[in-house]
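Quick notes on the structure that follows.
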Amino acid sequence: MKRISFLLAVAVLLCLIPAAAFSQNVVKFGVFEPLTGANAAGGAEELDGVRLAQSLYPTVKVGNTEYKIELAIADNKSDKVEAANAGQSLVDRDKVQVVLGSWGSGLSMAAGPIFRDAKVPAIGLSCTNPLVTKGNPYYFRVCFIDPFQGTVMATYASTNLKAKKAVLIREVSNDYSVGLAKFFSDSFVALTKDKAAIVATLNYNTGDQDFSAQLTQIKSLKANVIFAPGNYTESALIIKQARELGIKTPFLGGDTWEIAEFISVGKTAVEGAVLSTFFDNDAPLTPNSKIFVAEYQKKYGRMPSGTAVLGYDGYLLAIDAIKRAGSIDTVKIRDAIAATRKFPGASGYITFTADSNDPVKSAVIKEVKGGKFMFKTTVNP
């Protein structure tokens, strides 16, 4: 009887000990993504890449201590206010050592000051707007940035399509779309040497379904190409409605188009659409490229997207930085990320310089053919 009483007392005491006491050898990676709302499919793709990396590399060794890596997942709900709340929660409640994300530059920018002030390093995955990292020593990224992406697509329009006049359609409530449209415009005007090369700049809002007003205006213009960077759903609807109105002008877009929903919404109307993106499964860039593609297929039973690879790379870069820092102190991890040179990510080598938290990466151009995103070429910086 005394033995039973003793065991019961021990059990009670164990229940009273804080959970943290049993998880001293844990490091937390915050996953900061839109898992609901307009950008949910993009957030889910990046999360798939992060989860694949975690399944392959569930721990990180610092000195003689093996740390289990836990994911603290925060849904920023495709909304800037919610993004700030989600970022604050990762810092205050989850006490994360590193943040990965977000799909959507505006969402990343909304939480950027929070991560900076808390001195928690964040690794952007596919957030391409230059303002994400500008003036923020705690925000990095593993993707290229929009000045390069805009130039790539303007060059494609000018060189491959021989376009002289272009129309821009911007998702005006989306920082990514507005920024990329500007970089395309600046480059296209320079390439054509024509200040009037952009014949119209038309706007819509996230969530819009009817684009007849903008498309009717386009129909009256003599444009050789339409550049329409925006969210995958709205972009697919724009192209679909354009084809229904008899507009045959080629459509170009950016990395946000490489989501399965772009094709499932646009169907045959998006055939021939050309986009810039981050990665091609059949064009390995480092030894990690083949590992990623093979393991992704094994885990999910399908080929990966160009954004899933960035979730994978962000996770691996965080592990690499912790090892080099020899610490889970957030400031030391931040300094180790900044010192990254020629890290062999699956999407290419990653190097940060003393004056930039943005890596120099190649871009891939793809075209929708036969209901699939088909590789066209790689463009190096």
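Residue numbering restarts at 1 for every chain of the structure tokens, chains are lettered A, B, ... in their displayed order, and ligands are numbered from 1 as they appear.
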message = Taking 4 positions as the minimum chain separation for residues in the same chain, which residues sit within 8 Å of Leu215 in chain A when counting only C-alpha atoms? Answer as a PyMOL selection string.
response = chain A and resi 211+219+241-242+245
Next, write the just-selected residues to a file, as a PDB file, in the first residue's frame, keeping N, CA and C atoms as the atom set.
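The file below, selection32.pdb, is the result:
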ATOM      1  N   PHE A 211     -13.560  40.320 -64.700  1.00  0.00           N
ATOM      2  CA  PHE A 211     -12.525  41.210 -65.245  1.00  0.00           C
ATOM      3  C   PHE A 211     -12.935  41.765 -66.609  1.00  0.00           C
ATOM      4  N   LYS A 219      -8.980  44.851 -75.247  1.00  0.00           N
ATOM      5  CA  LYS A 219      -9.377  44.438 -76.599  1.00  0.00           C
ATOM      6  C   LYS A 219      -9.270  45.581 -77.600  1.00  0.00           C
ATOM      7  N   GLN A 241     -11.205  34.442 -69.066  1.00  0.00           N
ATOM      8  CA  GLN A 241     -12.189  35.401 -69.559  1.00  0.00           C
ATOM      9  C   GLN A 241     -11.675  36.142 -70.798  1.00  0.00           C
ATOM     10  N   ALA A 242     -10.366  36.369 -70.862  1.00  0.00           N
ATOM     11  CA  ALA A 242      -9.786  37.006 -72.049  1.00  0.00           C
ATOM     12  C   ALA A 242      -9.993  36.144 -73.283  1.00  0.00           C
ATOM     13  N   LEU A 245     -13.422  36.252 -74.611  1.00  0.00           N
ATOM     14  CA  LEU A 245     -13.715  37.496 -75.330  1.00  0.00           C
ATOM     15  C   LEU A 245     -12.992  37.570 -76.678  1.00  0.00           C
TER      16      LEU A 245
END
inquiry  = Please list as number ranges by chain every residue within 8 Å of Ile239 in chain A, counting only C-alpha atoms and excluding residues in the same chain fewer than 3 positions away.
reply    = A: 235-236, 242-243, 251, 266, 269-270
So which residues touch Asp320 in chain A within 12 Å, counting only C-alpha atoms, skipping near sequence neighbours fewer than 2 positions away, as an mmCIF file with C-alpha atoms, in the first residue's frame?
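For reference, result.cif as written:
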data_model
loop_
_atom_site.group_PDB
_atom_site.id
_atom_site.type_symbol
_atom_site.label_atom_id
_atom_site.label_comp_id
_atom_site.auth_asym_id
_atom_site.auth_seq_id
_atom_site.Cartn_x
_atom_site.Cartn_y
_atom_site.Cartn_z
ATOM 1 C CA TYR A 57 16.448 15.809 -40.946
ATOM 2 C CA THR A 59 17.374 16.817 -35.424
ATOM 3 C CA VAL A 60 20.358 19.139 -35.342
ATOM 4 C CA LYS A 61 23.516 18.607 -33.304
ATOM 5 C CA VAL A 62 25.099 21.531 -31.480
ATOM 6 C CA ASP A 313 15.847 24.800 -48.759
ATOM 7 C CA GLY A 314 14.817 27.235 -46.020
ATOM 8 C CA TYR A 315 14.708 24.407 -43.470
ATOM 9 C CA LEU A 316 18.092 23.024 -44.548
ATOM 10 C CA LEU A 317 19.665 26.475 -44.462
ATOM 11 C CA ALA A 318 18.400 26.980 -40.901
ATOM 12 C CA ILE A 322 22.641 26.480 -36.330
ATOM 13 C CA LYS A 323 25.506 24.026 -36.815
ATOM 14 C CA ARG A 324 27.876 26.786 -37.878
ATOM 15 C CA ALA A 325 26.703 29.043 -35.048
ATOM 16 C CA GLY A 326 27.302 26.256 -32.547
ATOM 17 C CA SER A 327 24.336 27.640 -30.658
ATOM 18 C CA ILE A 328 20.547 28.002 -30.647
ATOM 19 C CA ILE A 333 21.933 31.971 -35.731
ATOM 20 C CA ARG A 334 21.206 35.248 -37.544
ATOM 21 C CA ALA A 336 25.585 32.473 -39.176
ATOM 22 C CA ILE A 337 22.847 32.844 -41.822
ATOM 23 C CA ALA A 338 24.408 36.152 -42.906
ATOM 24 C CA ALA A 339 27.772 34.394 -43.272
ATOM 25 C CA THR A 340 26.346 31.717 -45.598
ATOM 26 C CA ARG A 341 28.498 31.114 -48.662
ATOM 27 C CA LYS A 342 27.750 28.627 -51.469
ATOM 28 C CA PHE A 343 25.237 26.585 -49.468
ATOM 29 C CA PRO A 344 24.047 23.784 -51.810
ATOM 30 C CA GLY A 345 20.277 24.111 -51.619
ATOM 31 C CA ILE A 350 22.893 30.243 -51.734
#
note = Shortest contact to Gly37 in chain A, candidates A:Gly104, A:Gly63, A:Pro130, A:Pro250, atoms counted only C-alpha atoms, goes to A:Gly104
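Distance check against Thr155 in chain A using only C-alpha atoms: of A:Ile365, A:Ile263, A:Ala223, A:Leu35, the minimum falls on A:Ile365.
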request  = Run DSSP on the backbone and grab whatever in range 177-266 of chain A lands in alpha helix (DSSP H); send it over as a ChimeraX atom specification.
outcome  = /A:177-192,212-219,232-244,260-266
Would you save the residues of that selection, restricted to N, CA and C atoms, as a compact mmCIF listing (two decimals), in the first residue's frame?
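What ended up in part_13.txt:
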# COMPACT_ATOMS: atom_id res chain seq x y z
N SER A 177 2.53 41.85 -56.72
CA SER A 177 2.06 42.12 -58.07
C SER A 177 2.42 43.53 -58.52
N VAL A 178 2.20 44.51 -57.66
CA VAL A 178 2.51 45.90 -58.00
C VAL A 178 4.01 46.07 -58.24
N GLY A 179 4.83 45.48 -57.35
CA GLY A 179 6.28 45.61 -57.49
C GLY A 179 6.80 44.94 -58.74
N LEU A 180 6.36 43.71 -59.01
CA LEU A 180 6.86 42.99 -60.17
C LEU A 180 6.42 43.67 -61.47
N ALA A 181 5.20 44.20 -61.49
CA ALA A 181 4.73 44.92 -62.68
C ALA A 181 5.63 46.13 -62.97
N LYS A 182 6.04 46.83 -61.91
CA LYS A 182 6.91 48.00 -62.10
C LYS A 182 8.27 47.59 -62.66
N PHE A 183 8.85 46.50 -62.13
CA PHE A 183 10.16 46.08 -62.61
C PHE A 183 10.09 45.60 -64.05
N PHE A 184 9.00 44.92 -64.41
CA PHE A 184 8.81 44.52 -65.80
C PHE A 184 8.70 45.76 -66.68
N SER A 185 7.88 46.71 -66.25
CA SER A 185 7.66 47.94 -67.01
C SER A 185 8.96 48.69 -67.26
N ASP A 186 9.73 48.90 -66.20
CA ASP A 186 11.00 49.64 -66.33
C ASP A 186 11.93 48.96 -67.33
N SER A 187 12.03 47.64 -67.23
CA SER A 187 12.92 46.90 -68.10
C SER A 187 12.42 46.87 -69.54
N PHE A 188 11.11 46.70 -69.71
CA PHE A 188 10.54 46.63 -71.06
C PHE A 188 10.70 47.96 -71.80
N VAL A 189 10.48 49.06 -71.09
CA VAL A 189 10.67 50.38 -71.68
C VAL A 189 12.12 50.57 -72.10
N ALA A 190 13.06 50.14 -71.25
CA ALA A 190 14.48 50.27 -71.57
C ALA A 190 14.86 49.41 -72.77
N LEU A 191 14.32 48.21 -72.84
CA LEU A 191 14.65 47.30 -73.94
C LEU A 191 14.10 47.78 -75.28
N THR A 192 12.88 48.32 -75.24
CA THR A 192 12.25 48.78 -76.49
C THR A 192 12.68 50.19 -76.87
N SER A 212 -14.24 41.78 -66.86
CA SER A 212 -14.72 42.20 -68.18
C SER A 212 -14.37 43.65 -68.50
N ALA A 213 -14.40 44.53 -67.51
CA ALA A 213 -14.09 45.95 -67.76
C ALA A 213 -12.65 46.11 -68.22
N GLN A 214 -11.71 45.47 -67.51
CA GLN A 214 -10.30 45.57 -67.89
C GLN A 214 -10.05 44.93 -69.25
N LEU A 215 -10.68 43.77 -69.49
CA LEU A 215 -10.42 43.04 -70.73
C LEU A 215 -11.05 43.72 -71.94
N THR A 216 -12.18 44.36 -71.72
CA THR A 216 -12.80 45.12 -72.82
C THR A 216 -11.88 46.25 -73.25
N GLN A 217 -11.24 46.88 -72.27
CA GLN A 217 -10.29 47.95 -72.59
C GLN A 217 -9.08 47.40 -73.35
N ILE A 218 -8.59 46.24 -72.90
CA ILE A 218 -7.44 45.62 -73.56
C ILE A 218 -7.76 45.28 -75.02
N LYS A 219 -8.98 44.85 -75.25
CA LYS A 219 -9.38 44.44 -76.60
C LYS A 219 -9.27 45.58 -77.60
N TYR A 232 -2.55 33.10 -58.27
CA TYR A 232 -2.85 32.08 -59.26
C TYR A 232 -4.32 32.02 -59.66
N THR A 233 -5.24 32.17 -58.72
CA THR A 233 -6.67 32.04 -59.03
C THR A 233 -7.15 33.19 -59.91
N GLU A 234 -6.91 34.43 -59.47
CA GLU A 234 -7.35 35.58 -60.24
C GLU A 234 -6.68 35.63 -61.62
N SER A 235 -5.39 35.28 -61.67
CA SER A 235 -4.67 35.29 -62.94
C SER A 235 -5.28 34.29 -63.93
N ALA A 236 -5.62 33.10 -63.44
CA ALA A 236 -6.23 32.09 -64.30
C ALA A 236 -7.58 32.55 -64.81
N LEU A 237 -8.36 33.21 -63.94
CA LEU A 237 -9.67 33.72 -64.37
C LEU A 237 -9.53 34.82 -65.41
N ILE A 238 -8.53 35.69 -65.24
CA ILE A 238 -8.29 36.75 -66.22
C ILE A 238 -8.02 36.16 -67.59
N ILE A 239 -7.13 35.17 -67.65
CA ILE A 239 -6.78 34.56 -68.93
C ILE A 239 -7.98 33.84 -69.53
N LYS A 240 -8.71 33.12 -68.69
CA LYS A 240 -9.89 32.39 -69.17
C LYS A 240 -10.92 33.34 -69.76
N GLN A 241 -11.20 34.44 -69.07
CA GLN A 241 -12.19 35.40 -69.56
C GLN A 241 -11.67 36.14 -70.80
N ALA A 242 -10.37 36.37 -70.86
CA ALA A 242 -9.79 37.01 -72.05
C ALA A 242 -9.99 36.14 -73.28
N ARG A 243 -9.74 34.85 -73.16
CA ARG A 243 -9.91 33.95 -74.29
C ARG A 243 -11.38 33.87 -74.71
N GLU A 244 -12.28 33.92 -73.74
CA GLU A 244 -13.71 33.89 -74.04
C GLU A 244 -14.14 35.13 -74.82
N ALA A 260 -0.84 24.24 -58.91
CA ALA A 260 -1.77 23.39 -59.66
C ALA A 260 -3.11 24.07 -59.92
N GLU A 261 -3.54 24.93 -58.97
CA GLU A 261 -4.83 25.60 -59.12
C GLU A 261 -4.87 26.54 -60.32
N PHE A 262 -3.74 27.06 -60.73
CA PHE A 262 -3.69 27.93 -61.90
C PHE A 262 -4.22 27.18 -63.12
N ILE A 263 -3.82 25.93 -63.26
CA ILE A 263 -4.27 25.12 -64.39
C ILE A 263 -5.67 24.57 -64.16
N SER A 264 -5.99 24.16 -62.94
CA SER A 264 -7.32 23.61 -62.69
C SER A 264 -8.42 24.66 -62.83
N VAL A 265 -8.10 25.92 -62.53
CA VAL A 265 -9.08 27.00 -62.69
C VAL A 265 -9.12 27.47 -64.15
N GLY A 266 -7.96 27.67 -64.75
CA GLY A 266 -7.89 28.21 -66.11
C GLY A 266 -8.17 27.18 -67.20
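Taking CA of Thr151 in chain A and CA of Lys361 in chain A as endpoints, the distance between them is 13.5 Å.
CA of Leu310 in chain A lies 17.7 Å from CA of Ala74 in chain A.
Compared by their closest atoms to Val167 in chain A, and using only C-alpha atoms, the residues A:Val152, A:Val132, A:Ala122, A:Leu221 rank with A:Leu221 nearest.
Residues in contact with Val225 in chain A at 10 Å, where only C-alpha atoms are counted and same-chain residues fewer than 2 positions away are skipped, are listed as Ala154, Ala157, Ser158, Leu161, Lys162, Ala163, Lys164, Lys165, Ala166, Val167, Leu168, Ile198, Lys222, Ala223, Phe227, Ala228, Lys248, Thr249, Pro250, Phe251 and Leu252 of chain A.
Here the strand (DSSP E) residues in range 130-325 of chain A, by DSSP on the backbone, are Tyr139, Phe140, Arg141, Ala166, Val167, Leu168, Ile169, Arg170, Glu171, Ile198, Val199, Ala200, Thr201, Leu202, Asn203, Tyr204, Val225, Ile226, Phe227, Phe251, Leu252, Gly253, Val274, Leu275, Ser276 and Thr277 of chain A.
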Those same residues - C-alpha atoms - I'd like them written as a PDB file, in the first residue's frame.
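Written output follows (selection.pdb):
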ATOM      1  CA  TYR A 139      15.083  38.825 -42.695  1.00  0.00           C
ATOM      2  CA  PHE A 140      16.788  36.720 -45.377  1.00  0.00           C
ATOM      3  CA  ARG A 141      15.429  34.707 -48.293  1.00  0.00           C
ATOM      4  CA  ALA A 166       2.623  45.714 -73.553  1.00  0.00           C
ATOM      5  CA  VAL A 167      -0.348  45.936 -71.187  1.00  0.00           C
ATOM      6  CA  LEU A 168       0.061  45.474 -67.434  1.00  0.00           C
ATOM      7  CA  ILE A 169      -2.692  43.983 -65.270  1.00  0.00           C
ATOM      8  CA  ARG A 170      -1.879  44.413 -61.577  1.00  0.00           C
ATOM      9  CA  GLU A 171      -3.442  42.923 -58.462  1.00  0.00           C
ATOM     10  CA  ILE A 198       3.372  50.249 -71.844  1.00  0.00           C
ATOM     11  CA  VAL A 199       0.058  51.139 -73.467  1.00  0.00           C
ATOM     12  CA  ALA A 200      -2.069  50.639 -70.320  1.00  0.00           C
ATOM     13  CA  THR A 201      -1.798  49.697 -66.654  1.00  0.00           C
ATOM     14  CA  LEU A 202      -5.031  48.163 -65.376  1.00  0.00           C
ATOM     15  CA  ASN A 203      -5.874  47.181 -61.793  1.00  0.00           C
ATOM     16  CA  TYR A 204      -8.027  44.722 -59.882  1.00  0.00           C
ATOM     17  CA  VAL A 225       1.863  40.982 -74.842  1.00  0.00           C
ATOM     18  CA  ILE A 226      -0.017  41.105 -71.528  1.00  0.00           C
ATOM     19  CA  PHE A 227       1.991  40.920 -68.317  1.00  0.00           C
ATOM     20  CA  PHE A 251       0.012  36.245 -71.368  1.00  0.00           C
ATOM     21  CA  LEU A 252       3.141  36.335 -69.213  1.00  0.00           C
ATOM     22  CA  GLY A 253       3.329  36.066 -65.428  1.00  0.00           C
ATOM     23  CA  VAL A 274       4.536  31.626 -69.893  1.00  0.00           C
ATOM     24  CA  LEU A 275       5.918  32.283 -66.408  1.00  0.00           C
ATOM     25  CA  SER A 276       9.141  32.688 -64.473  1.00  0.00           C
ATOM     26  CA  THR A 277       9.752  30.414 -61.522  1.00  0.00           C
TER      27      THR A 277
END
request  = Would you mind listing what lies within 10 Å of Thr128 in chain A as an NGL selection string, with only C-alpha atoms counted and same-chain residues fewer than 2 positions away left out?
outcome  = :A and (103-106 or 108 or 124-126 or 130-133 or 141-149 or 175-176 or 179-180 or 255 or 358)
Could you save the residues just selected, with N, CA and C atoms, as a PDB file, in the first residue's frame?
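Contents of out.pdb, as written:
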ATOM      1  N   TRP A 103       4.860  32.700 -48.008  1.00  0.00           N
ATOM      2  CA  TRP A 103       4.345  32.929 -49.339  1.00  0.00           C
ATOM      3  C   TRP A 103       3.638  34.275 -49.283  1.00  0.00           C
ATOM      4  N   GLY A 104       3.938  35.146 -50.231  1.00  0.00           N
ATOM      5  CA  GLY A 104       3.309  36.463 -50.248  1.00  0.00           C
ATOM      6  C   GLY A 104       4.208  37.509 -49.627  1.00  0.00           C
ATOM      7  N   SER A 105       4.761  38.390 -50.458  1.00  0.00           N
ATOM      8  CA  SER A 105       5.690  39.404 -49.951  1.00  0.00           C
ATOM      9  C   SER A 105       5.039  40.343 -48.956  1.00  0.00           C
ATOM     10  N   GLY A 106       3.792  40.750 -49.221  1.00  0.00           N
ATOM     11  CA  GLY A 106       3.110  41.662 -48.316  1.00  0.00           C
ATOM     12  C   GLY A 106       2.924  41.067 -46.938  1.00  0.00           C
ATOM     13  N   SER A 108       4.933  38.785 -45.575  1.00  0.00           N
ATOM     14  CA  SER A 108       6.268  38.777 -44.964  1.00  0.00           C
ATOM     15  C   SER A 108       6.620  40.162 -44.434  1.00  0.00           C
ATOM     16  N   GLY A 124      12.834  34.010 -45.663  1.00  0.00           N
ATOM     17  CA  GLY A 124      11.757  34.035 -46.647  1.00  0.00           C
ATOM     18  C   GLY A 124      11.975  32.931 -47.666  1.00  0.00           C
ATOM     19  N   LEU A 125      10.873  32.360 -48.137  1.00  0.00           N
ATOM     20  CA  LEU A 125      10.974  31.234 -49.058  1.00  0.00           C
ATOM     21  C   LEU A 125      10.721  31.676 -50.498  1.00  0.00           C
ATOM     22  N   SER A 126       9.512  32.189 -50.780  1.00  0.00           N
ATOM     23  CA  SER A 126       9.228  32.652 -52.147  1.00  0.00           C
ATOM     24  C   SER A 126       8.792  34.113 -52.187  1.00  0.00           C
ATOM     25  N   PRO A 130      11.692  43.169 -53.080  1.00  0.00           N
ATOM     26  CA  PRO A 130      12.932  43.620 -52.429  1.00  0.00           C
ATOM     27  C   PRO A 130      12.720  44.200 -51.037  1.00  0.00           C
ATOM     28  N   LEU A 131      11.529  44.751 -50.775  1.00  0.00           N
ATOM     29  CA  LEU A 131      11.285  45.401 -49.491  1.00  0.00           C
ATOM     30  C   LEU A 131      11.199  44.425 -48.318  1.00  0.00           C
ATOM     31  N   VAL A 132      11.057  43.135 -48.597  1.00  0.00           N
ATOM     32  CA  VAL A 132      10.996  42.151 -47.512  1.00  0.00           C
ATOM     33  C   VAL A 132      12.255  42.211 -46.653  1.00  0.00           C
ATOM     34  N   THR A 133      13.411  42.287 -47.294  1.00  0.00           N
ATOM     35  CA  THR A 133      14.680  42.258 -46.553  1.00  0.00           C
ATOM     36  C   THR A 133      15.315  43.638 -46.395  1.00  0.00           C
ATOM     37  N   ARG A 141      16.293  35.506 -47.420  1.00  0.00           N
ATOM     38  CA  ARG A 141      15.429  34.707 -48.293  1.00  0.00           C
ATOM     39  C   ARG A 141      16.265  33.744 -49.121  1.00  0.00           C
ATOM     40  N   VAL A 142      15.603  32.689 -49.648  1.00  0.00           N
ATOM     41  CA  VAL A 142      16.305  31.688 -50.447  1.00  0.00           C
ATOM     42  C   VAL A 142      15.911  31.772 -51.929  1.00  0.00           C
ATOM     43  N   CYS A 143      15.098  32.772 -52.302  1.00  0.00           N
ATOM     44  CA  CYS A 143      14.647  32.933 -53.682  1.00  0.00           C
ATOM     45  C   CYS A 143      15.287  34.163 -54.320  1.00  0.00           C
ATOM     46  N   PHE A 144      15.147  34.277 -55.652  1.00  0.00           N
ATOM     47  CA  PHE A 144      15.582  35.497 -56.327  1.00  0.00           C
ATOM     48  C   PHE A 144      14.608  36.625 -56.008  1.00  0.00           C
ATOM     49  N   ILE A 145      14.910  37.837 -56.456  1.00  0.00           N
ATOM     50  CA  ILE A 145      14.038  38.972 -56.169  1.00  0.00           C
ATOM     51  C   ILE A 145      13.457  39.547 -57.465  1.00  0.00           C
ATOM     52  N   ASP A 146      12.434  40.373 -57.311  1.00  0.00           N
ATOM     53  CA  ASP A 146      11.640  40.831 -58.449  1.00  0.00           C
ATOM     54  C   ASP A 146      12.362  41.701 -59.480  1.00  0.00           C
ATOM     55  N   PRO A 147      13.340  42.529 -59.109  1.00  0.00           N
ATOM     56  CA  PRO A 147      14.036  43.263 -60.165  1.00  0.00           C
ATOM     57  C   PRO A 147      14.622  42.318 -61.217  1.00  0.00           C
ATOM     58  N   PHE A 148      15.150  41.182 -60.779  1.00  0.00           N
ATOM     59  CA  PHE A 148      15.685  40.188 -61.700  1.00  0.00           C
ATOM     60  C   PHE A 148      14.558  39.488 -62.450  1.00  0.00           C
ATOM     61  N   GLN A 149      13.521  39.079 -61.718  1.00  0.00           N
ATOM     62  CA  GLN A 149      12.398  38.367 -62.329  1.00  0.00           C
ATOM     63  C   GLN A 149      11.691  39.252 -63.373  1.00  0.00           C
ATOM     64  N   ASP A 175       1.269  43.581 -52.837  1.00  0.00           N
ATOM     65  CA  ASP A 175       2.578  44.234 -52.973  1.00  0.00           C
ATOM     66  C   ASP A 175       3.460  43.546 -54.010  1.00  0.00           C
ATOM     67  N   TYR A 176       3.399  42.233 -54.028  1.00  0.00           N
ATOM     68  CA  TYR A 176       4.186  41.450 -54.991  1.00  0.00           C
ATOM     69  C   TYR A 176       3.818  41.837 -56.424  1.00  0.00           C
ATOM     70  N   GLY A 179       4.825  45.480 -57.355  1.00  0.00           N
ATOM     71  CA  GLY A 179       6.279  45.608 -57.485  1.00  0.00           C
ATOM     72  C   GLY A 179       6.803  44.941 -58.743  1.00  0.00           C
ATOM     73  N   LEU A 180       6.357  43.713 -59.008  1.00  0.00           N
ATOM     74  CA  LEU A 180       6.861  42.988 -60.171  1.00  0.00           C
ATOM     75  C   LEU A 180       6.419  43.666 -61.469  1.00  0.00           C
ATOM     76  N   ASP A 255       6.229  33.914 -60.675  1.00  0.00           N
ATOM     77  CA  ASP A 255       6.344  32.649 -59.942  1.00  0.00           C
ATOM     78  C   ASP A 255       5.068  32.192 -59.266  1.00  0.00           C
ATOM     79  N   ASP A 358      19.854  38.911 -49.778  1.00  0.00           N
ATOM     80  CA  ASP A 358      19.214  38.257 -50.918  1.00  0.00           C
ATOM     81  C   ASP A 358      20.257  37.477 -51.706  1.00  0.00           C
TER      82      ASP A 358
END
note = With distances taken over only C-alpha atoms, the candidate from A:Thr36, A:Thr330, A:Asn160, A:Thr65 nearest Phe115 in chain A is A:Thr330
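Take CA of Asn224 in chain A and CA of Thr159 in chain A: the distance between them is 12.2 Å.
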task = Within 10 Å of Gly370 in chain A, counting only C-alpha atoms, which residues show up once you throw out same-chain ones fewer than 6 positions away? Write them as a PyMOL selection string, please.
result = chain A and resi 267-268+270-272
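Take the candidates A:Met109, A:Val309, A:Leu100, A:Ala294 and check each one against Lys28 in chain A using only C-alpha atoms; the shortest distance goes to A:Leu100.
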request  = Just the residues within 9 Å of range 280-283 of chain A, please, counting only C-alpha atoms, with nothing from its chain fewer than 4 positions along; format it as a PyMOL selection string.
outcome  = chain A and resi 289-290+293+303-306+347+364+366+374-375+378
Those same residues, written as a PDB file, in the first residue's frame with N, CA and C atoms?
ATOM      1  N   SER A 289      19.403  18.702 -55.332  1.00  0.00           N
ATOM      2  CA  SER A 289      18.242  18.787 -56.227  1.00  0.00           C
ATOM      3  C   SER A 289      17.618  17.408 -56.448  1.00  0.00           C
ATOM      4  N   LYS A 290      18.444  16.433 -56.813  1.00  0.00           N
ATOM      5  CA  LYS A 290      17.934  15.086 -57.089  1.00  0.00           C
ATOM      6  C   LYS A 290      17.374  14.429 -55.835  1.00  0.00           C
ATOM      7  N   VAL A 293      13.829  15.949 -55.194  1.00  0.00           N
ATOM      8  CA  VAL A 293      12.789  15.472 -56.116  1.00  0.00           C
ATOM      9  C   VAL A 293      12.408  14.027 -55.801  1.00  0.00           C
ATOM     10  N   MET A 303       4.953  14.982 -58.284  1.00  0.00           N
ATOM     11  CA  MET A 303       6.132  15.815 -58.520  1.00  0.00           C
ATOM     12  C   MET A 303       5.981  17.135 -57.756  1.00  0.00           C
ATOM     13  N   PRO A 304       7.097  17.688 -57.269  1.00  0.00           N
ATOM     14  CA  PRO A 304       7.022  18.932 -56.495  1.00  0.00           C
ATOM     15  C   PRO A 304       6.831  20.159 -57.378  1.00  0.00           C
ATOM     16  N   SER A 305       6.350  21.235 -56.752  1.00  0.00           N
ATOM     17  CA  SER A 305       6.227  22.516 -57.440  1.00  0.00           C
ATOM     18  C   SER A 305       7.507  23.323 -57.247  1.00  0.00           C
ATOM     19  N   GLY A 306       7.583  24.452 -57.946  1.00  0.00           N
ATOM     20  CA  GLY A 306       8.752  25.310 -57.821  1.00  0.00           C
ATOM     21  C   GLY A 306       8.848  26.022 -56.493  1.00  0.00           C
ATOM     22  N   SER A 347      17.450  24.173 -54.749  1.00  0.00           N
ATOM     23  CA  SER A 347      17.085  25.130 -55.804  1.00  0.00           C
ATOM     24  C   SER A 347      18.286  25.934 -56.302  1.00  0.00           C
ATOM     25  N   VAL A 364      13.934  30.173 -63.837  1.00  0.00           N
ATOM     26  CA  VAL A 364      13.489  29.184 -64.815  1.00  0.00           C
ATOM     27  C   VAL A 364      12.255  29.742 -65.517  1.00  0.00           C
ATOM     28  N   LYS A 366       8.944  28.692 -67.718  1.00  0.00           N
ATOM     29  CA  LYS A 366       8.110  27.541 -68.069  1.00  0.00           C
ATOM     30  C   LYS A 366       6.893  27.997 -68.868  1.00  0.00           C
ATOM     31  N   MET A 374       5.759  23.156 -68.304  1.00  0.00           N
ATOM     32  CA  MET A 374       6.867  22.552 -69.048  1.00  0.00           C
ATOM     33  C   MET A 374       8.058  23.507 -69.104  1.00  0.00           C
ATOM     34  N   PHE A 375       9.232  22.958 -68.865  1.00  0.00           N
ATOM     35  CA  PHE A 375      10.479  23.723 -68.858  1.00  0.00           C
ATOM     36  C   PHE A 375      10.783  24.286 -70.236  1.00  0.00           C
ATOM     37  N   THR A 378      16.567  28.122 -68.662  1.00  0.00           N
ATOM     38  CA  THR A 378      17.071  28.708 -67.416  1.00  0.00           C
ATOM     39  C   THR A 378      17.770  30.031 -67.761  1.00  0.00           C
TER      40      THR A 378
END
